[in-house]
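With TSV, C-alpha atoms and all ligand atoms inside, this is coords-v2.tsv:
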```tsv
chain	number	residue	atom	x	y	z
A	1	MET	CA	-25.55	30.74	13.24
A	2	LYS	CA	-22.63	30.39	10.83
A	3	ARG	CA	-21.38	26.87	10.16
A	4	THR	CA	-18.05	25.12	10.72
A	5	LEU	CA	-16.09	23.65	7.78
A	6	ILE	CA	-13.71	20.72	8.41
A	7	ILE	CA	-11.19	20.25	5.59
A	8	GLY	CA	-9.63	16.78	5.64
A	9	ALA	CA	-12.68	15.47	7.53
A	10	GLY	CA	-12.19	11.94	6.22
A	11	GLY	CA	-8.80	11.55	7.92
A	12	GLN	CA	-7.77	10.01	11.23
A	13	LEU	CA	-8.34	13.19	13.25
A	14	GLY	CA	-11.00	14.79	11.03
A	15	SER	CA	-13.48	11.93	11.21
A	16	GLU	CA	-13.53	11.95	15.04
A	17	LEU	CA	-13.47	15.75	15.34
A	18	THR	CA	-16.38	16.09	12.91
A	19	LEU	CA	-18.52	13.63	14.88
A	20	LYS	CA	-17.75	15.33	18.21
A	21	LEU	CA	-18.49	18.84	16.88
A	22	ARG	CA	-21.75	17.64	15.30
A	23	GLU	CA	-22.76	16.06	18.60
A	24	GLN	CA	-22.10	19.36	20.41
A	25	ARG	CA	-23.41	21.88	17.84
A	26	GLY	CA	-25.93	19.95	15.79
A	27	THR	CA	-25.31	17.80	12.71
A	28	ASP	CA	-26.33	20.49	10.23
A	29	GLN	CA	-23.84	22.99	11.69
A	30	VAL	CA	-20.69	21.08	10.71
A	31	VAL	CA	-19.73	20.58	7.05
A	32	ALA	CA	-17.33	17.70	6.36
A	33	ALA	CA	-15.03	18.27	3.34
A	34	ASP	CA	-12.36	16.06	1.83
A	35	ILE	CA	-10.74	15.42	-1.55
A	36	ARG	CA	-11.85	11.77	-1.36
A	37	PRO	CA	-15.25	10.27	-0.61
A	38	LEU	CA	-16.12	10.56	3.07
A	39	PRO	CA	-16.73	7.57	5.37
A	40	ALA	CA	-20.34	6.47	5.85
A	41	GLU	CA	-20.62	7.75	9.44
A	42	LEU	CA	-20.10	11.34	8.21
A	43	LEU	CA	-22.76	11.18	5.49
A	44	THR	CA	-25.57	11.87	7.94
A	45	GLY	CA	-24.69	15.60	7.84
A	46	PRO	CA	-23.57	18.11	5.20
A	47	THR	CA	-20.56	16.88	3.22
A	48	THR	CA	-18.69	18.10	0.18
A	49	ILE	CA	-15.86	16.86	-2.02
A	50	LEU	CA	-13.33	19.69	-1.95
A	51	ASP	CA	-9.72	20.02	-3.11
A	52	VAL	CA	-8.36	22.75	-0.84
A	53	MET	CA	-5.68	23.46	-3.46
A	54	ASP	CA	-8.50	24.87	-5.61
A	55	GLU	CA	-8.88	28.32	-4.04
A	56	GLU	CA	-12.03	29.21	-5.96
A	57	ALA	CA	-13.76	25.97	-4.94
A	58	LEU	CA	-12.80	26.65	-1.31
A	59	ARG	CA	-14.34	30.12	-1.42
A	60	LYS	CA	-17.49	28.82	-3.13
A	61	SER	CA	-17.94	26.26	-0.32
A	62	ILE	CA	-17.42	28.98	2.32
A	63	GLU	CA	-20.11	31.13	0.70
A	64	TYR	CA	-22.53	28.30	-0.10
A	65	TYR	CA	-22.50	26.82	3.41
A	66	ASP	CA	-22.25	30.20	5.17
A	67	ILE	CA	-19.05	29.25	7.01
A	68	GLY	CA	-17.72	31.18	10.03
A	69	GLU	CA	-15.01	28.79	11.23
A	70	VAL	CA	-12.59	26.44	9.45
A	71	TYR	CA	-10.61	23.49	10.79
A	72	HIS	CA	-7.95	22.93	8.12
A	73	LEU	CA	-6.63	19.40	8.71
A	74	ALA	CA	-5.58	18.34	5.19
A	75	ALA	CA	-1.83	17.68	5.01
A	76	ILE	CA	0.81	15.23	3.83
A	77	LEU	CA	2.26	13.62	6.95
A	78	SER	CA	5.88	12.93	7.92
A	79	ALA	CA	6.66	9.51	6.42
A	80	LYS	CA	4.58	10.07	3.26
A	81	GLY	CA	6.13	13.54	2.79
A	82	GLU	CA	9.65	12.12	2.56
A	83	ALA	CA	8.61	10.07	-0.49
A	84	ASP	CA	7.67	13.23	-2.42
A	85	PRO	CA	9.00	16.34	-0.64
A	86	ILE	CA	7.98	18.97	-3.23
A	87	TRP	CA	4.41	17.69	-3.32
A	88	ALA	CA	4.28	17.68	0.51
A	89	TRP	CA	5.65	21.23	0.73
A	90	ASP	CA	3.27	22.48	-1.95
A	91	LEU	CA	0.17	20.92	-0.44
A	92	ASN	CA	0.96	21.79	3.17
A	93	MET	CA	1.89	25.42	2.41
A	94	THR	CA	-0.41	26.40	-0.45
A	95	SER	CA	-3.48	24.97	1.24
A	96	LEU	CA	-2.73	26.87	4.46
A	97	LEU	CA	-2.30	30.14	2.55
A	98	HIS	CA	-5.60	29.53	0.75
A	99	VAL	CA	-7.32	29.11	4.11
A	100	LEU	CA	-5.61	32.12	5.73
A	101	GLU	CA	-6.43	34.35	2.74
A	102	ALA	CA	-10.06	33.16	2.87
A	103	ALA	CA	-10.05	33.94	6.61
A	104	ARG	CA	-9.07	37.54	5.81
A	105	ALA	CA	-11.73	37.84	3.14
A	106	TYR	CA	-14.61	36.26	5.09
A	107	ALA	CA	-13.56	37.04	8.71
A	108	LEU	CA	-13.21	33.33	9.55
A	109	LYS	CA	-11.86	31.79	12.74
A	110	VAL	CA	-9.23	29.17	11.82
A	111	TYR	CA	-7.82	26.02	13.41
A	112	TRP	CA	-4.67	24.55	11.84
A	113	PRO	CA	-2.60	21.75	13.39
A	114	SER	CA	1.16	21.83	13.69
A	115	SER	CA	3.27	18.92	14.97
A	116	ILE	CA	6.21	17.87	17.14
A	117	ALA	CA	7.92	17.52	13.74
A	118	VAL	CA	8.84	21.23	14.01
A	119	PHE	CA	11.62	20.10	16.35
A	120	GLY	CA	14.92	18.69	15.08
A	121	PRO	CA	17.98	16.69	16.14
A	122	ASP	CA	19.51	19.62	18.05
A	123	THR	CA	16.33	20.31	20.07
A	124	PRO	CA	16.65	19.24	23.75
A	125	LYS	CA	14.95	15.83	23.92
A	126	GLU	CA	13.41	15.77	27.39
A	127	LYS	CA	10.55	18.07	28.45
A	128	THR	CA	11.10	20.08	25.29
A	129	SER	CA	9.92	23.59	25.99
A	130	GLN	CA	7.54	25.73	23.99
A	131	PHE	CA	10.27	28.11	22.83
A	132	THR	CA	13.47	26.26	21.96
A	133	LEU	CA	15.59	25.27	18.97
A	134	THR	CA	13.44	24.22	16.01
A	135	ASN	CA	15.59	23.01	13.14
A	136	PRO	CA	13.44	20.27	11.54
A	137	THR	CA	15.03	17.87	9.09
A	138	THR	CA	11.91	16.48	7.37
A	139	VAL	CA	9.90	18.33	4.71
A	140	TYR	CA	6.85	17.80	6.90
A	141	GLY	CA	8.56	19.52	9.84
A	142	ILE	CA	9.83	22.35	7.65
A	143	SER	CA	6.30	22.93	6.32
A	144	LYS	CA	4.77	22.86	9.83
A	145	LEU	CA	7.36	25.33	11.15
A	146	ALA	CA	6.77	27.68	8.20
A	147	GLY	CA	3.01	27.24	8.73
A	148	GLU	CA	3.36	28.31	12.38
A	149	ARG	CA	5.15	31.48	11.28
A	150	TRP	CA	2.39	32.20	8.73
A	151	CYS	CA	-0.33	31.73	11.37
A	152	GLU	CA	1.31	34.20	13.73
A	153	TYR	CA	1.92	36.58	10.82
A	154	TYR	CA	-1.78	36.59	9.80
A	155	PHE	CA	-2.83	37.11	13.42
A	156	LYS	CA	-0.46	40.04	13.97
A	157	LYS	CA	-0.75	41.68	10.56
A	158	TYR	CA	-4.41	41.07	9.69
A	159	GLY	CA	-6.03	40.14	13.02
A	160	VAL	CA	-7.03	36.66	11.80
A	161	ASP	CA	-8.17	34.59	14.81
A	162	VAL	CA	-6.03	31.54	14.09
A	163	ARG	CA	-5.25	28.88	16.71
A	164	SER	CA	-2.95	25.87	16.60
A	165	ILE	CA	-1.60	22.87	18.49
A	166	ARG	CA	1.65	20.96	17.95
A	167	TYR	CA	0.18	17.47	18.19
A	168	PRO	CA	2.34	14.56	19.30
A	169	GLY	CA	1.57	11.16	17.70
A	170	LEU	CA	-2.21	10.72	17.71
A	171	ILE	CA	-3.63	7.30	18.58
A	172	GLY	CA	-7.19	6.43	17.68
A	173	TYR	CA	-8.89	3.18	16.75
A	174	LYS	CA	-11.74	4.42	14.57
A	175	SER	CA	-9.84	5.00	11.32
A	176	LYS	CA	-6.58	4.06	9.65
A	177	PRO	CA	-3.62	6.42	10.13
A	178	GLY	CA	-2.44	8.65	7.26
A	179	GLY	CA	1.30	7.95	6.86
A	180	GLY	CA	3.03	9.34	9.95
A	181	THR	CA	6.02	8.12	11.97
A	182	THR	CA	3.86	7.24	15.00
A	183	ASP	CA	1.36	5.12	13.01
A	184	TYR	CA	2.83	1.93	14.53
A	185	ALA	CA	1.05	2.76	17.80
A	186	VAL	CA	-2.30	2.53	15.97
A	187	ASP	CA	-1.54	-0.54	13.82
A	188	ILE	CA	-0.29	-2.54	16.81
A	189	PHE	CA	-3.81	-2.82	18.28
A	190	TRP	CA	-5.27	-4.44	15.16
A	191	LYS	CA	-2.51	-7.06	15.04
A	192	ALA	CA	-2.89	-7.79	18.76
A	193	LEU	CA	-6.62	-8.38	18.44
A	194	ASN	CA	-6.30	-10.46	15.28
A	195	GLY	CA	-3.84	-12.77	17.04
A	196	GLU	CA	-1.03	-11.82	14.64
A	197	ARG	CA	2.63	-11.01	15.30
A	198	PHE	CA	3.35	-7.27	14.97
A	199	THR	CA	6.35	-6.07	12.95
A	200	CYS	CA	7.38	-2.67	14.31
A	201	PHE	CA	9.14	-0.17	12.03
A	202	LEU	CA	10.74	1.67	14.99
A	203	GLU	CA	13.30	0.42	17.52
A	204	PRO	CA	12.05	-0.95	20.88
A	205	ASP	CA	13.26	2.09	22.87
A	206	ALA	CA	12.15	4.86	20.45
A	207	HIS	CA	10.40	7.10	23.01
A	208	LEU	CA	8.03	9.66	21.50
A	209	PRO	CA	5.32	12.00	22.82
A	210	MET	CA	1.86	10.56	22.12
A	211	MET	CA	-1.80	11.39	22.74
A	212	TYR	CA	-5.07	9.47	22.74
A	213	MET	CA	-7.50	10.77	20.12
A	214	ASN	CA	-10.18	11.57	22.75
A	215	ASP	CA	-7.76	14.01	24.40
A	216	ALA	CA	-6.70	15.47	21.03
A	217	VAL	CA	-10.31	16.12	20.03
A	218	SER	CA	-11.34	17.64	23.36
A	219	GLY	CA	-8.14	19.75	23.60
A	220	THR	CA	-8.68	21.08	20.08
A	221	ILE	CA	-12.26	22.11	20.80
A	222	GLN	CA	-11.20	23.58	24.15
A	223	LEU	CA	-8.58	25.77	22.43
A	224	MET	CA	-11.08	26.90	19.79
A	225	GLU	CA	-13.64	27.81	22.48
A	226	ALA	CA	-11.13	29.64	24.73
A	227	ASN	CA	-11.43	33.40	25.13
A	228	ALA	CA	-9.33	35.10	22.45
A	229	GLU	CA	-7.26	36.98	25.05
A	230	ASP	CA	-6.29	33.69	26.73
A	231	VAL	CA	-4.80	32.37	23.46
A	232	GLN	CA	-1.50	34.13	23.91
A	233	ILE	CA	0.49	31.96	21.50
A	234	ARG	CA	-0.62	32.35	17.90
A	235	SER	CA	2.09	30.20	16.30
A	236	SER	CA	1.27	26.84	17.92
A	237	TYR	CA	0.99	25.33	21.43
A	238	ASN	CA	3.03	22.38	22.71
A	239	LEU	CA	0.56	19.79	24.02
A	240	SER	CA	1.63	16.76	26.02
A	241	ALA	CA	-0.29	13.75	27.31
A	242	MET	CA	2.02	10.72	27.53
A	243	SER	CA	5.34	9.47	26.22
A	244	PHE	CA	6.22	5.85	25.50
A	245	SER	CA	8.34	3.52	23.38
A	246	PRO	CA	7.18	0.62	21.16
A	247	GLU	CA	8.32	-1.85	23.82
A	248	GLU	CA	6.30	-0.06	26.52
A	249	ILE	CA	3.04	-0.06	24.53
A	250	TYR	CA	3.70	-3.68	23.55
A	251	GLN	CA	4.09	-4.64	27.24
A	252	ALA	CA	0.92	-2.71	28.15
A	253	ILE	CA	-1.06	-4.63	25.49
A	254	LYS	CA	0.58	-7.94	26.45
A	255	THR	CA	-0.71	-7.56	30.01
A	256	LEU	CA	-4.21	-7.91	28.55
A	257	ILE	CA	-3.38	-10.20	25.59
A	258	PRO	CA	-0.59	-12.48	26.94
A	259	ASP	CA	0.06	-14.34	23.64
A	260	PHE	CA	0.80	-11.17	21.71
A	261	ASP	CA	4.19	-11.18	19.93
A	262	ILE	CA	6.33	-8.42	18.38
A	263	VAL	CA	9.44	-8.23	16.15
A	264	TYR	CA	11.44	-5.10	15.40
A	265	GLU	CA	12.48	-4.19	11.86
A	266	PRO	CA	13.34	-0.47	11.96
A	267	ASP	CA	13.23	1.37	8.61
A	268	PHE	CA	13.71	4.99	7.43
A	269	ARG	CA	11.08	6.14	9.93
A	270	GLN	CA	13.50	5.44	12.82
A	271	GLU	CA	15.68	8.31	11.56
A	272	ILE	CA	12.65	10.63	11.64
A	273	ALA	CA	11.80	9.47	15.17
A	274	ASP	CA	15.42	10.09	16.24
A	275	SER	CA	15.06	13.75	15.27
A	276	TRP	CA	12.02	14.35	17.50
A	277	PRO	CA	11.71	15.03	21.26
A	278	HIS	CA	11.04	12.25	23.79
A	279	SER	CA	8.67	14.35	25.89
A	280	LEU	CA	7.22	17.88	25.91
A	281	ASP	CA	6.71	20.72	28.35
A	282	ASP	CA	3.21	22.05	27.73
A	283	SER	CA	2.91	24.45	30.68
A	284	PRO	CA	1.85	27.46	28.51
A	285	ALA	CA	-1.21	25.50	27.23
A	286	ARG	CA	-2.09	24.46	30.79
A	287	GLU	CA	-1.69	28.00	32.12
A	288	HIS	CA	-3.27	29.97	29.26
A	289	TRP	CA	-6.40	27.95	28.49
A	290	GLY	CA	-6.51	25.07	30.96
A	291	TRP	CA	-5.26	22.06	28.95
A	292	ASP	CA	-5.58	18.92	31.10
A	293	PRO	CA	-5.33	15.51	29.36
A	294	GLN	CA	-7.34	12.58	30.75
A	295	PHE	CA	-5.61	9.44	29.39
A	296	ASP	CA	-2.26	7.86	30.25
A	297	LEU	CA	-0.82	4.79	28.47
A	298	ASP	CA	-2.62	2.11	30.51
A	299	GLN	CA	-5.99	3.90	30.41
A	300	MET	CA	-5.67	4.38	26.66
A	301	VAL	CA	-4.73	0.73	26.00
A	302	ARG	CA	-7.68	-0.51	28.07
A	303	ASP	CA	-10.10	1.86	26.37
A	304	ILE	CA	-8.96	0.98	22.83
A	305	LEU	CA	-9.00	-2.79	23.41
A	306	TYR	CA	-12.43	-2.57	25.04
A	307	HIS	CA	-13.93	-0.69	22.09
A	308	LEU	CA	-12.18	-2.72	19.38
A	309	ARG	CA	-13.28	-6.00	20.96
A	310	GLU	CA	-16.86	-4.74	20.85
A	311	ALA	CA	-16.48	-3.84	17.16
A	312	LEU	CA	-14.91	-7.15	16.07
A	313	PRO	CA	-17.21	-9.98	14.95
A	314	GLN	CA	-17.50	-12.53	17.79
A	315	THR	CA	-16.14	-16.01	17.02
B	401	LIG	P1	-4.86	12.02	7.54
B	401	LIG	O1	-3.86	11.80	6.47
B	401	LIG	O2	-5.49	10.85	8.21
B	401	LIG	O3	-6.05	12.95	6.99
B	401	LIG	C1	-5.83	14.02	6.12
B	401	LIG	C2	-7.06	14.14	5.25
B	401	LIG	O4	-6.84	15.23	4.34
B	401	LIG	C3	-7.31	12.90	4.38
B	401	LIG	O5	-8.63	12.43	4.57
B	401	LIG	C4	-7.08	13.38	2.97
B	401	LIG	O6	-7.91	12.77	2.00
B	401	LIG	C5	-7.39	14.87	3.09
B	401	LIG	N1	-6.76	15.65	2.02
B	401	LIG	C6	-5.53	15.47	1.48
B	401	LIG	N2	-5.34	16.36	0.49
B	401	LIG	C7	-6.45	17.12	0.42
B	401	LIG	C8	-6.83	18.20	-0.40
B	401	LIG	N3	-6.04	18.67	-1.38
B	401	LIG	N4	-8.06	18.75	-0.21
B	401	LIG	C9	-8.89	18.28	0.75
B	401	LIG	N5	-8.57	17.25	1.56
B	401	LIG	C10	-7.36	16.67	1.40
B	401	LIG	O7	-4.18	12.98	8.63
B	401	LIG	P2	-4.53	13.11	10.19
B	401	LIG	O8	-3.71	12.12	10.92
B	401	LIG	O9	-5.98	13.14	10.38
B	401	LIG	O10	-3.91	14.55	10.50
B	401	LIG	C11	-4.70	15.72	10.47
B	401	LIG	C12	-3.80	16.92	10.74
B	401	LIG	O11	-3.17	16.78	12.02
B	401	LIG	C13	-2.69	17.12	9.72
B	401	LIG	O12	-2.51	18.50	9.50
B	401	LIG	C14	-1.49	16.54	10.40
B	401	LIG	O13	-0.30	17.14	9.93
B	401	LIG	C15	-1.76	16.89	11.85
B	401	LIG	N6	-1.07	15.98	12.77
B	401	LIG	C16	-1.42	14.66	12.85
B	401	LIG	C17	-0.72	13.82	13.69
B	401	LIG	C18	-1.06	12.35	13.79
B	401	LIG	O14	-0.41	11.62	14.56
B	401	LIG	N7	-2.07	11.86	13.09
B	401	LIG	C19	0.33	14.32	14.49
B	401	LIG	C20	0.67	15.67	14.37
B	401	LIG	C21	-0.04	16.50	13.53
```
Spell out the structure here as structure tokens.
Amino acid sequence: MKRTLIIGAGGQLGSELTLKLREQRGTDQVVAADIRPLPAELLTGPTTILDVMDEEALRKSIEYYDIGEVYHLAAILSAKGEADPIWAWDLNMTSLLHVLEAARAYALKVYWPSSIAVFGPDTPKEKTSQFTLTNPTTVYGISKLAGERWCEYYFKKYGVDVRSIRYPGLIGYKSKPGGGTTDYAVDIFWKALNGERFTCFLEPDAHLPMMYMNDAVSGTIQLMEANAEDVQIRSSYNLSAMSFSPEEIYQAIKTLIPDFDIVYEPDFRQEIADSWPHSLDDSPAREHWGWDPQFDLDQMVRDILYHLREALPQT
């Protein structure tokens, strides 16, 4: 059986997706690749240091490990991208084209994530539909929108089986976030458990679509395992799970940790948040391949605090 290659496996999403796929398919079947050394929990299976910008190295890895499927997760995220827009554009676009060209050459199935960053200030904010105005104002959003067009292009023109999801903010507790506008909703848990005041870089009422990592991982695998004819959108699917503001997640945590305190010091990331939808309509994903998220805000908060408490040294 051909193997799966995860590029960007050391990241927030990649580390959890790699572990889940190894659990389901066997450790040896899933190769974890990243430009930086991988975390210890991924070293139990095949791993490789790979710069996806090096097209020859990518193809050598595909041949060496006998790869049939690629999850291409490496990217520069929204907040980090604004600090160096040309670098973000180059990495996000060139790496995707390397993967899509390799998919043509080696008949690979491809997963590539898009983002709610494809939407812009003139997009309707509530229950934003799958097909609506997309005029992004960040380099990250511009690169994700262009990437969606490339994915559909390779599917229609070359028959590449490429699948994609527009993730909302992803919230996990197992690794540090990579420089996105929704990272506050990850950092807040660590401060709460350490008994520290949390300084939030968004305003209290900045509502954004969000998703617990467990749902993101299972939805991603579900899309990749769906029958090809059910995957009717080959640009990228809207996917919704929950929507909340910093004040709402703070209150949900405070119910369980009553002493927890927060202050608001919005920075440039508030402007990015202002350009994104508040909530999404994901009915095509539900109808086409059965997307059905399991976690709402309260369930997610309880689950994260339960697991983080277990992981923290007891005093
Ligand atoms: P992350 O920054 O945590 O991880 C990205 C990984 O890619 C890192 O481990 C990094 O070392 C690696 N990488 C960077 N450059 C590389 C290169 N040249 N070659 C190989 N590896 C390289 O990001 P994440 O949060 O895990 O996001 C994964 C994907 O999901 C990205 O495409 C991102 O745009 C998308 N996404 C994430 C979120 C979110 O909230 N985290 C939301 C929407 C979309």
Mind listing as an mmCIF file with C-alpha atoms, in the coordinates of the input all residues within 7 Å of (-13.8, 19.9, 5.6), counting all atoms listed in the file?
```cif
data_model
loop_
_atom_site.group_PDB
_atom_site.id
_atom_site.type_symbol
_atom_site.label_atom_id
_atom_site.label_comp_id
_atom_site.auth_asym_id
_atom_site.auth_seq_id
_atom_site.Cartn_x
_atom_site.Cartn_y
_atom_site.Cartn_z
ATOM 1 C CA LEU A 5 -16.090 23.650 7.780
ATOM 2 C CA ILE A 6 -13.710 20.720 8.410
ATOM 3 C CA ILE A 7 -11.190 20.250 5.590
ATOM 4 C CA GLY A 8 -9.630 16.780 5.640
ATOM 5 C CA ALA A 9 -12.680 15.470 7.530
ATOM 6 C CA VAL A 31 -19.730 20.580 7.050
ATOM 7 C CA ALA A 32 -17.330 17.700 6.360
ATOM 8 C CA ALA A 33 -15.030 18.270 3.340
ATOM 9 C CA ASP A 34 -12.360 16.060 1.830
#
```
* All residues within 9 Å of ligand LIG 401 (chain B) are required, counting all atoms listed in the file; please report them as a PyMOL selection string. => chain A and resi 7-16+33-38+49-54+72-78+91-92+95+112-117+140+144+165-172+175-183+210-211+213
* Tell me, in Å to one decimal, how far CA of Val139 (chain A) is from CA of Leu208 (chain A). =>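 Taking CA of Val139 (chain A) as the start and CA of Leu208 (chain A) as the end point, the length is 19.0 Å.
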* Rank nothing, just name the residue among A:Thr48, A:Trp87, A:Thr4, A:Trp291 nearest to Asp28 (chain A), using only C-alpha atoms. =>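 Smallest separation from Asp28 (chain A) among the options: A:Thr4.
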* For the atom pair CA of Arg3 (chain A) and CA of Glu152 (chain A), what is the interatomic distance in Å to one decimal place? ->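 Value for the CA of Arg3 (chain A)-CA of Glu152 (chain A) distance: 24.1 Å.
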Contact table region 71-115 of chain A vs region 258-273 of chain A, cut-off 12 Å, shortest pair per residue, all atoms listed in the file, as a tab-separated table:
```
residue	atom	partner	partner_atom	distance
A:Leu77	CA	A:Ile272	CA	11.8
A:Ser78	CA	A:Ile272	CA	8.1
A:Ala79	CA	A:Arg269	CA	6.6
A:Lys80	CA	A:Arg269	CA	10.1
A:Gly81	CA	A:Ile272	CA	11.4
A:Glu82	CA	A:Phe268	CA	9.5
A:Ala83	CA	A:Phe268	CA	10.7
```
* Counting all atoms listed in the file, figure out which residue out of A:Ala185, A:Ala57, A:Glu126, A:Tyr154 gets nearest to Ile304 (chain A). =>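 Looking at the shortest contact to Ile304 (chain A), the residue is A:Ala185.
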* Once you count all atoms listed in the file, which residues end up no further than 12 Å from (1.2, 30.2, 32.3) in the file's frame, shown as a ChimeraX atom specification? -> /A:130,230-233,237,281-291
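Take CA of Glu56 (chain A) and CA of Tyr71 (chain A): the distance between them is 17.8 Å.
Comparing the minimum interatomic distances between Leu223 (chain A) and each of A:Arg302, A:Arg163, A:Arg104, A:Lys191, counting only C-alpha atoms, we find that A:Arg163 sits nearest.
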